[in-house]
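S.K.: Next comes run_23.cif, mmCIF, C-alpha atoms and all ligand atoms:
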```cif
data_run
#
loop_
_atom_site.label_atom_id
_atom_site.label_comp_id
_atom_site.auth_asym_id
_atom_site.auth_seq_id
_atom_site.Cartn_x
_atom_site.Cartn_y
_atom_site.Cartn_z
CA MET A 257 12.69 -60.67 -88.33
CA ILE A 258 10.15 -62.96 -86.71
CA ILE A 259 8.73 -61.58 -83.47
CA LYS A 260 7.79 -64.43 -81.16
CA LYS A 261 4.92 -63.84 -78.74
CA SER A 262 4.80 -64.75 -75.06
CA ARG A 263 1.90 -66.68 -73.61
CA ALA A 264 0.49 -63.42 -72.21
CA GLU A 265 0.77 -61.76 -75.61
CA ILE A 266 -0.94 -64.68 -77.34
CA GLU A 267 -3.77 -64.44 -74.83
CA ARG A 268 -4.12 -60.75 -75.70
CA MET A 269 -4.13 -61.67 -79.39
CA ALA A 270 -6.93 -64.12 -78.67
CA ARG A 271 -9.03 -61.18 -77.49
CA ALA A 272 -8.45 -59.42 -80.81
CA GLY A 273 -9.22 -62.67 -82.61
CA ALA A 274 -12.49 -63.05 -80.71
CA VAL A 275 -13.62 -59.57 -81.77
CA VAL A 276 -12.91 -60.44 -85.41
CA ALA A 277 -14.85 -63.70 -84.97
CA ARG A 278 -17.85 -61.80 -83.54
CA ALA A 279 -17.77 -59.42 -86.52
CA HIS A 280 -17.78 -62.32 -88.99
CA GLU A 281 -20.63 -64.03 -87.14
CA ALA A 282 -22.68 -60.82 -87.40
CA LEU A 283 -21.87 -60.54 -91.12
CA MET A 284 -22.82 -64.16 -91.83
CA GLU A 285 -26.09 -63.58 -90.02
CA ALA A 286 -26.87 -60.32 -91.83
CA LEU A 287 -25.80 -61.10 -95.42
CA ARG A 288 -28.74 -60.79 -97.84
CA PRO A 289 -29.25 -59.99 -101.53
CA GLY A 290 -29.79 -56.24 -101.95
CA MET A 291 -27.25 -55.21 -99.31
CA THR A 292 -24.28 -53.16 -100.38
CA THR A 293 -20.73 -53.92 -99.41
CA LEU A 294 -20.77 -50.62 -97.51
CA ASP A 295 -23.66 -52.04 -95.42
CA LEU A 296 -21.40 -54.96 -94.51
CA ASP A 297 -18.64 -52.54 -93.58
CA ALA A 298 -20.96 -50.64 -91.23
CA ILE A 299 -21.99 -53.86 -89.48
CA ALA A 300 -18.37 -54.92 -88.92
CA GLU A 301 -17.33 -51.50 -87.68
CA ARG A 302 -20.25 -51.43 -85.23
CA VAL A 303 -19.30 -54.80 -83.75
CA ILE A 304 -15.62 -53.92 -83.51
CA THR A 305 -16.14 -50.53 -81.85
CA ARG A 306 -18.84 -51.92 -79.54
CA GLU A 307 -16.24 -54.40 -78.27
CA GLY A 308 -13.88 -51.51 -77.55
CA ALA A 309 -11.57 -52.51 -80.43
CA VAL A 310 -10.28 -50.62 -83.47
CA PRO A 311 -10.53 -51.76 -87.11
CA SER A 312 -7.08 -52.87 -88.34
CA PHE A 313 -7.53 -51.99 -92.00
CA LYS A 314 -9.06 -48.50 -91.79
CA GLY A 315 -6.22 -46.11 -92.47
CA TYR A 316 -3.73 -48.92 -93.14
CA ARG A 317 -1.58 -47.45 -95.92
CA GLY A 318 -4.58 -45.22 -96.61
CA PHE A 319 -7.19 -48.02 -96.94
CA PRO A 320 -10.57 -46.31 -96.42
CA ALA A 321 -12.70 -49.00 -94.76
CA THR A 322 -13.06 -51.56 -91.96
CA LEU A 323 -13.47 -54.52 -94.33
CA CYS A 324 -12.00 -55.65 -97.59
CA THR A 325 -14.95 -56.89 -99.65
CA SER A 326 -14.01 -58.72 -102.86
CA ARG A 327 -16.83 -59.94 -105.09
CA ASN A 328 -16.76 -62.71 -107.73
CA HIS A 329 -13.58 -62.27 -109.82
CA GLU A 330 -12.12 -59.92 -107.21
CA ILE A 331 -9.61 -61.84 -105.10
CA VAL A 332 -8.66 -59.52 -102.22
CA HIS A 333 -8.53 -55.87 -101.10
CA GLY A 334 -11.86 -54.77 -102.61
CA ILE A 335 -13.14 -51.48 -101.20
CA PRO A 336 -16.65 -51.46 -99.67
CA SER A 337 -19.00 -49.21 -101.63
CA ALA A 338 -22.62 -48.06 -101.59
CA ARG A 339 -22.58 -48.72 -105.34
CA VAL A 340 -21.83 -52.43 -105.02
CA VAL A 341 -25.21 -54.07 -104.47
CA LEU A 342 -24.93 -57.79 -103.72
CA GLU A 343 -27.05 -60.08 -105.85
CA GLU A 344 -28.21 -63.62 -105.24
CA GLY A 345 -25.41 -65.99 -106.24
CA ASP A 346 -22.59 -63.48 -105.81
CA VAL A 347 -19.45 -64.82 -104.16
CA ILE A 348 -18.17 -62.35 -101.60
CA SER A 349 -14.86 -62.52 -99.76
CA ILE A 350 -15.04 -60.58 -96.51
CA ASP A 351 -11.72 -59.83 -94.81
CA CYS A 352 -11.74 -58.25 -91.35
CA GLY A 353 -9.09 -57.20 -88.84
CA ALA A 354 -9.27 -55.66 -85.38
CA VAL A 355 -6.80 -54.35 -82.82
CA VAL A 356 -7.23 -54.96 -79.10
CA ASP A 357 -4.66 -53.79 -76.60
CA GLY A 358 -2.10 -53.21 -79.37
CA PHE A 359 -2.43 -56.61 -81.08
CA HIS A 360 -4.16 -57.51 -84.33
CA GLY A 361 -6.45 -60.35 -85.37
CA ASP A 362 -7.09 -61.05 -89.08
CA SER A 363 -9.62 -63.41 -90.67
CA ALA A 364 -11.54 -63.78 -93.92
CA THR A 365 -14.54 -65.75 -95.11
CA THR A 366 -16.05 -66.28 -98.54
CA LEU A 367 -19.84 -66.46 -98.60
CA ILE A 368 -22.44 -67.05 -101.28
CA VAL A 369 -25.11 -64.37 -101.27
CA GLY A 370 -28.52 -66.00 -100.91
CA GLY A 371 -26.99 -69.24 -99.61
CA ASP A 372 -25.22 -72.21 -101.15
CA GLU A 373 -28.16 -73.09 -103.39
CA ALA A 374 -27.96 -69.70 -105.11
CA THR A 375 -24.95 -70.75 -107.17
CA THR A 376 -23.60 -73.66 -109.19
CA PRO A 377 -22.04 -76.82 -107.75
CA ALA A 378 -18.66 -75.77 -109.19
CA VAL A 379 -18.70 -72.45 -107.34
CA ARG A 380 -19.93 -74.06 -104.13
CA GLN A 381 -17.06 -76.48 -104.38
CA LEU A 382 -14.51 -73.70 -104.93
CA VAL A 383 -15.68 -71.95 -101.77
CA ARG A 384 -15.80 -75.16 -99.74
CA GLU A 385 -12.43 -76.44 -100.90
CA THR A 386 -10.69 -73.12 -100.25
CA ARG A 387 -12.00 -73.29 -96.70
CA ASN A 388 -10.91 -76.91 -96.49
CA ALA A 389 -7.42 -75.88 -97.63
CA LEU A 390 -7.28 -73.25 -94.88
CA TRP A 391 -7.88 -75.92 -92.24
CA ARG A 392 -5.40 -78.34 -93.84
CA GLY A 393 -2.87 -75.50 -93.61
CA LEU A 394 -3.75 -74.57 -90.02
CA GLU A 395 -3.17 -78.18 -88.93
CA GLN A 396 0.42 -77.87 -90.14
CA VAL A 397 1.21 -74.76 -88.09
CA GLN A 398 3.07 -76.74 -85.45
CA HIS A 399 6.29 -76.40 -83.49
CA GLY A 400 9.02 -78.12 -85.52
CA ASN A 401 7.11 -78.16 -88.80
CA ARG A 402 8.32 -76.06 -91.72
CA LEU A 403 6.59 -73.31 -93.65
CA GLY A 404 6.66 -75.55 -96.72
CA ASP A 405 4.47 -78.04 -94.85
CA VAL A 406 1.74 -75.39 -94.60
CA GLY A 407 2.01 -74.36 -98.24
CA ALA A 408 2.15 -77.94 -99.49
CA ALA A 409 -0.97 -78.93 -97.52
CA ILE A 410 -2.88 -75.99 -98.99
CA GLU A 411 -1.59 -76.43 -102.53
CA ALA A 412 -2.49 -80.12 -102.52
CA VAL A 413 -6.18 -79.23 -102.14
CA ALA A 414 -5.98 -76.81 -105.08
CA THR A 415 -4.12 -79.28 -107.27
CA ALA A 416 -6.65 -82.04 -106.56
CA ASN A 417 -9.42 -79.70 -107.76
CA GLY A 418 -7.59 -78.00 -110.64
CA TYR A 419 -7.70 -74.52 -109.05
CA GLY A 420 -5.18 -71.73 -109.56
CA VAL A 421 -3.33 -70.84 -106.33
CA VAL A 422 -2.72 -67.09 -106.05
CA ARG A 423 1.02 -66.60 -105.57
CA GLU A 424 1.45 -62.83 -105.40
CA TYR A 425 -0.56 -62.49 -102.18
CA VAL A 426 0.21 -64.77 -99.25
CA GLY A 427 -0.25 -65.27 -95.52
CA HIS A 428 1.92 -63.47 -92.99
CA GLY A 429 3.14 -63.12 -89.44
CA ILE A 430 0.91 -60.94 -87.26
CA GLY A 431 1.17 -59.24 -83.89
CA ARG A 432 1.61 -55.58 -83.00
CA ALA A 433 1.74 -55.05 -86.76
CA LEU A 434 -0.92 -56.36 -89.13
CA HIS A 435 1.77 -57.78 -91.40
CA GLU A 436 4.97 -59.17 -89.90
CA ASP A 437 7.54 -61.70 -91.04
CA PRO A 438 7.43 -64.39 -92.22
CA SER A 439 5.48 -64.66 -95.47
CA VAL A 440 3.30 -67.78 -95.45
CA PRO A 441 2.82 -68.92 -99.05
CA ASN A 442 -0.13 -71.05 -100.13
CA TYR A 443 2.20 -73.30 -102.09
CA GLY A 444 5.48 -75.06 -101.42
CA ALA A 445 7.26 -78.30 -100.75
CA ALA A 446 6.74 -80.29 -97.55
CA GLY A 447 9.87 -80.40 -95.41
CA ARG A 448 11.25 -77.18 -96.91
CA GLY A 449 11.39 -73.60 -95.67
CA MET A 450 11.80 -72.09 -92.21
CA ARG A 451 11.16 -74.22 -89.17
CA MET A 452 8.23 -72.90 -87.09
CA THR A 453 8.51 -72.64 -83.32
CA ARG A 454 6.36 -71.96 -80.28
CA GLY A 455 5.38 -68.32 -80.00
CA TRP A 456 4.89 -67.78 -83.71
CA VAL A 457 1.58 -66.23 -84.69
CA VAL A 458 0.66 -66.22 -88.38
CA ALA A 459 -2.31 -65.54 -90.62
CA VAL A 460 -2.92 -68.40 -93.05
CA GLU A 461 -5.00 -67.28 -96.05
CA PRO A 462 -5.44 -69.43 -99.16
CA MET A 463 -6.80 -67.69 -102.27
CA PHE A 464 -7.95 -70.10 -105.00
CA ASN A 465 -9.19 -69.23 -108.49
CA LEU A 466 -11.43 -71.31 -110.73
CA GLY A 467 -9.07 -70.31 -113.54
CA THR A 468 -5.39 -69.55 -113.59
CA GLU A 469 -3.31 -68.18 -110.70
CA ARG A 470 -2.67 -64.90 -112.52
CA THR A 471 -3.83 -61.62 -110.96
CA ARG A 472 -4.24 -58.00 -111.94
CA ALA A 473 -4.57 -54.88 -109.75
CA LEU A 474 -7.33 -52.38 -110.57
CA ASP A 475 -6.56 -48.69 -110.89
CA ASP A 476 -8.33 -47.93 -107.58
CA GLY A 477 -4.93 -48.85 -106.14
CA TRP A 478 -6.32 -51.71 -104.04
CA THR A 479 -8.62 -54.25 -105.68
CA VAL A 480 -6.88 -57.39 -106.95
CA VAL A 481 -8.78 -59.43 -109.55
CA THR A 482 -8.19 -62.65 -111.46
CA ALA A 483 -6.47 -61.90 -114.78
CA ASP A 484 -8.83 -64.26 -116.64
CA GLY A 485 -12.02 -63.03 -114.96
CA SER A 486 -12.63 -66.36 -113.22
CA LEU A 487 -14.21 -66.55 -109.75
CA SER A 488 -12.01 -66.54 -106.67
CA ALA A 489 -12.37 -67.58 -103.02
CA HIS A 490 -10.37 -66.60 -99.91
CA TRP A 491 -10.47 -67.86 -96.34
CA GLU A 492 -8.19 -66.79 -93.49
CA HIS A 493 -7.51 -67.37 -89.81
CA THR A 494 -4.93 -66.11 -87.35
CA VAL A 495 -3.21 -69.01 -85.57
CA ALA A 496 -0.67 -69.19 -82.72
CA ILE A 497 1.78 -72.01 -82.02
CA THR A 498 1.30 -72.88 -78.36
CA PRO A 499 3.10 -75.65 -76.43
CA ASP A 500 0.00 -77.71 -77.12
CA GLY A 501 -0.35 -77.14 -80.85
CA PRO A 502 -2.01 -74.60 -83.11
CA TRP A 503 -4.57 -72.30 -81.46
CA VAL A 504 -6.87 -70.63 -84.00
CA LEU A 505 -7.33 -67.23 -82.38
CA THR A 506 -10.04 -66.06 -84.81
CA ALA A 507 -12.15 -69.26 -84.68
CA ARG A 508 -15.88 -68.58 -84.76
CA ALA A 509 -18.43 -70.32 -82.53
CA ASP A 510 -19.00 -73.04 -85.17
CA GLU A 511 -15.31 -73.84 -85.57
CA PRO A 512 -12.69 -75.62 -83.45
CA ALA A 513 -10.06 -73.36 -81.89
CA TYR A 514 -7.75 -76.39 -81.82
CA PRO A 515 -7.85 -78.08 -85.23
CA VAL A 516 -5.59 -80.96 -84.29
CA ALA A 517 -7.46 -83.50 -82.23
CA GLU A 518 -4.63 -84.28 -79.84
CA ALA A 519 -3.85 -80.62 -79.20
CA VAL A 520 -5.75 -79.87 -76.02
CA PRO A 521 -5.13 -76.53 -74.36
CA ALA A 522 -3.09 -76.96 -71.18
CA TRP A 523 -2.79 -73.26 -70.41
MG MG B 601 -7.11 -60.61 -93.81
MG MG B 602 -4.06 -61.35 -93.71
#
```
The structure in this file should be written as structure tokens.
Ligand code: MG
Ligand code: MG
M.R.:
Amino acid sequence: MIIKKSRAEIERMARAGAVVARAHEALMEALRPGMTTLDLDAIAERVITREGAVPSFKGYRGFPATLCTSRNHEIVHGIPSARVVLEEGDVISIDCGAVVDGFHGDSATTLIVGGDEATTPAVRQLVRETRNALWRGLEQVQHGNRLGDVGAAIEAVATANGYGVVREYVGHGIGRALHEDPSVPNYGAAGRGMRMTRGWVVAVEPMFNLGTERTRALDDGWTVVTADGSLSAHWEHTVAITPDGPWVLTARADEPAYPVAEAVPAW
């Protein structure tokens, strides 16, 4: 069942989204070689609690941390650890959620430790194109469009670059629960699938692999890795369908909250 949100509820969700954005900004600023993924977790938790919010993931089905930190061939759901020391050139997916006033925000980035120059052009491109695919998907989250339009826009970026699109883990509705209906796949056919309407709020989250789409879960019960050991990237935003187009609730200061040029907020 898809739970549509009122304008007031979407505005509350924007507050949760803003907290998640602040956490990511702090993480982008702080990330250095030599840090552990547990250090990143502490930074995010500090920002979230300072803002009076609550981490979404901590305790979710028993997940032990504020962030999911997934390094190199890890795709999603990696557990922060004092034993995982980040090295120059590592690719780290950082997924963060926060609850404000009963509503969740959910967003992920993939960063290169030591900066873009610390890795190869092929890896830089994977990270950049996965982010690009996120925004191509967000643009399609419009009243009257179909879920297949979102998936097709994302998949087209992967196909053009020869990347594997992870199929077992997908985007999702979000609201009072971290994961609500519908599922938002990162693949599909334009013009197919459910029609989206105003009041929908979804998390769009492409996961692209340099190798095949196949995944494997580690025996820690959480971490998902590429089956072939290839590198993976993951970007995510929470987006609401307003009367004026998609509103990216988790947009950071360097990003547009309204990705479609003609969609100007009238609220
Ligand atoms: Mg997430
Ligand atoms: Mg998500």
S.K.: Which residues sit within 7 Å of ligand MG 602 (chain B), counting all atoms listed in the file, listed as a short mmCIF file (atom, residue, chain, number, x, y, z; two decimals) with C-alpha atoms, keeping the file's coordinate frame?
M.R.:
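Result went into selection-v5.cif, see below:
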```cif
data_model
loop_
_atom_site.label_atom_id
_atom_site.label_comp_id
_atom_site.auth_asym_id
_atom_site.auth_seq_id
_atom_site.Cartn_x
_atom_site.Cartn_y
_atom_site.Cartn_z
CA ASP A 362 -7.09 -61.05 -89.08
CA SER A 363 -9.62 -63.41 -90.67
CA GLY A 427 -0.25 -65.27 -95.52
CA HIS A 428 1.92 -63.47 -92.99
CA ALA A 459 -2.31 -65.54 -90.62
CA GLU A 461 -5.00 -67.28 -96.05
CA GLU A 492 -8.19 -66.79 -93.49
#
```
S.K.: Which one is closest to ligand MG 601 (chain B): A:His493, A:Arg380, A:Arg387, A:Lys261? Count only C-alpha atoms and all ligand atoms.
M.R.: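 For ligand MG 601 (chain B), the nearest of the given residues is A:His493.
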S.K.: May I have the residues at most 12 Å from (-12.3, -59.6, -100.7) in the file's coordinates, counting only C-alpha atoms, as a PyMOL selection string?
M.R.: chain A and resi 293+296-297+322-336+347-352+363-367+461+463+478-482+487-492
S.K.: Please, what distance in Å, to one decimal, runs between CA of Gly429 (chain A) and CA of Gly358 (chain A)?
M.R.: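 These atoms are spaced 15.1 Å apart.
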S.K.: What's around Tyr443 (chain A) at 8 Å? Count all atoms listed in the file, leave out sequence neighbours fewer than 5 positions away in its own chain, and write the answer as an NGL selection string.
M.R.: :A and (404 or 406-411 or 421 or 423)
S.K.: What separation in Å, quoted to one decimal, exists between CA of Pro512 (chain A) and CA of Arg268 (chain A)?
M.R.: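 Taking CA of Pro512 (chain A) as the start and CA of Arg268 (chain A) as the end point, the length is 18.8 Å.
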S.K.: Return the single residue from A:Thr453, A:Thr506, A:Thr415, A:Ser312 that is closest to Gly353 (chain A), with distances computed using all atoms listed in the file.
M.R.: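 So, comparing all the options, the nearest one is A:Ser312.
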S.K.: Of the residues A:Pro515, A:Gly449, A:Gly308, A:Gly361, which is the one nearest to ligand MG 601 (chain B), using only C-alpha atoms and all ligand atoms?
M.R.: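 Closest residue, counting only C-alpha atoms and all ligand atoms: A:Gly361.
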S.K.: For CA of Glu307 (chain A) and CA of Thr292 (chain A), determine how far apart the two atoms are, in Å to one decimal place.
M.R.: 23.6 Å
S.K.: Skip region 388-390 of chain A itself and residues of its chain fewer than 2 positions away, then list as number ranges by chain all residues within 6 Å of it, counting all atoms listed in the file.
M.R.: A: 385-386, 392-393, 410, 413
S.K.: Here is a test: counting only C-alpha atoms and all ligand atoms, which residue of A:Pro438, A:Gly501, A:Gly467, A:Pro311 is nearest to ligand MG 601 (chain B)?
M.R.: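 Residue with the minimum atom-to-atom distance to ligand MG 601 (chain B): A:Pro311.
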S.K.: What's the 7 Å shell around Leu342 (chain A), counting only C-alpha atoms, without same-chain residues fewer than 3 positions away, as JSON, numbers by chain?
M.R.: {"A": [289, 290, 291, 292, 346]}
S.K.: Using only C-alpha atoms and all ligand atoms, find the one residue out of A:Arg454, A:Arg271, A:His280, A:Arg470 that sits nearest to ligand MG 601 (chain B).
M.R.: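 Once distances to ligand MG 601 (chain B) are computed over only C-alpha atoms and all ligand atoms, the minimum belongs to A:His280.
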S.K.: Let me make sure I understand: among A:Glu265, A:Glu344, A:Asp295, A:Glu395, which one has the smallest atom-to-atom distance to Ala374 (chain A) if we use all atoms listed in the file?
M.R.: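 Counting all atoms listed in the file, the residue closest to Ala374 (chain A) is A:Glu344.
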S.K.: Could you pull region 267-333 of chain A out of the block above and give me C-alpha atoms, as a short mmCIF file (atom, residue, chain, number, x, y, z; two decimals), in the first residue's frame?
M.R.:
```cif
data_model
loop_
_atom_site.label_atom_id
_atom_site.label_comp_id
_atom_site.auth_asym_id
_atom_site.auth_seq_id
_atom_site.Cartn_x
_atom_site.Cartn_y
_atom_site.Cartn_z
CA GLU A 267 7.46 19.69 4.89
CA ARG A 268 8.19 17.63 8.00
CA MET A 269 10.05 15.12 5.84
CA ALA A 270 12.11 17.99 4.46
CA ARG A 271 13.34 18.65 7.99
CA ALA A 272 14.50 15.04 8.28
CA GLY A 273 16.08 15.33 4.84
CA ALA A 274 17.95 18.47 5.86
CA VAL A 275 19.46 16.70 8.88
CA VAL A 276 20.67 13.88 6.63
CA ALA A 277 22.13 16.47 4.23
CA ARG A 278 24.01 18.17 7.10
CA ALA A 279 25.44 14.80 8.17
CA HIS A 280 26.68 14.07 4.65
CA GLU A 281 28.22 17.54 4.36
CA ALA A 282 30.12 16.93 7.61
CA LEU A 283 31.29 13.51 6.36
CA MET A 284 32.46 14.91 3.01
CA GLU A 285 34.39 17.57 4.87
CA ALA A 286 35.97 15.15 7.35
CA LEU A 287 36.84 12.17 5.13
CA ARG A 288 40.60 11.48 5.16
CA PRO A 289 42.89 8.47 4.66
CA GLY A 290 43.58 6.83 8.03
CA MET A 291 40.05 7.32 9.38
CA THR A 292 38.02 4.26 10.23
CA THR A 293 34.46 3.72 9.15
CA LEU A 294 33.54 3.86 12.85
CA ASP A 295 34.99 7.41 12.91
CA LEU A 296 32.58 8.32 10.11
CA ASP A 297 29.73 6.78 12.06
CA ALA A 298 30.55 8.89 15.13
CA ILE A 299 30.56 12.09 13.05
CA ALA A 300 27.16 11.31 11.53
CA GLU A 301 25.63 10.39 14.87
CA ARG A 302 26.92 13.61 16.42
CA VAL A 303 25.36 15.76 13.69
CA ILE A 304 22.06 13.89 13.81
CA THR A 305 21.67 14.02 17.60
CA ARG A 306 22.85 17.66 17.73
CA GLU A 307 19.96 18.50 15.39
CA GLY A 308 17.56 16.78 17.78
CA ALA A 309 17.01 13.89 15.35
CA VAL A 310 17.42 10.12 15.70
CA PRO A 311 19.46 7.84 13.41
CA SER A 312 17.10 5.76 11.23
CA PHE A 313 19.32 2.72 10.81
CA LYS A 314 20.54 2.13 14.37
CA GLY A 315 18.42 -0.69 15.71
CA TYR A 316 16.61 -1.18 12.39
CA ARG A 317 16.14 -4.96 12.28
CA GLY A 318 19.08 -5.06 14.69
CA PHE A 319 21.51 -2.97 12.57
CA PRO A 320 24.17 -1.73 15.02
CA ALA A 321 25.18 1.67 13.61
CA THR A 322 24.09 5.10 12.37
CA LEU A 323 25.63 4.65 8.91
CA CYS A 324 26.00 1.89 6.41
CA THR A 325 29.58 2.14 5.15
CA SER A 326 30.38 -0.05 2.14
CA ARG A 327 33.94 -0.01 0.82
CA ASN A 328 35.21 -0.96 -2.67
CA HIS A 329 33.51 -4.25 -3.69
CA GLU A 330 30.94 -3.84 -0.92
CA ILE A 331 27.70 -2.53 -2.42
CA VAL A 332 25.44 -1.66 0.52
CA HIS A 333 24.76 -2.36 4.21
#
```
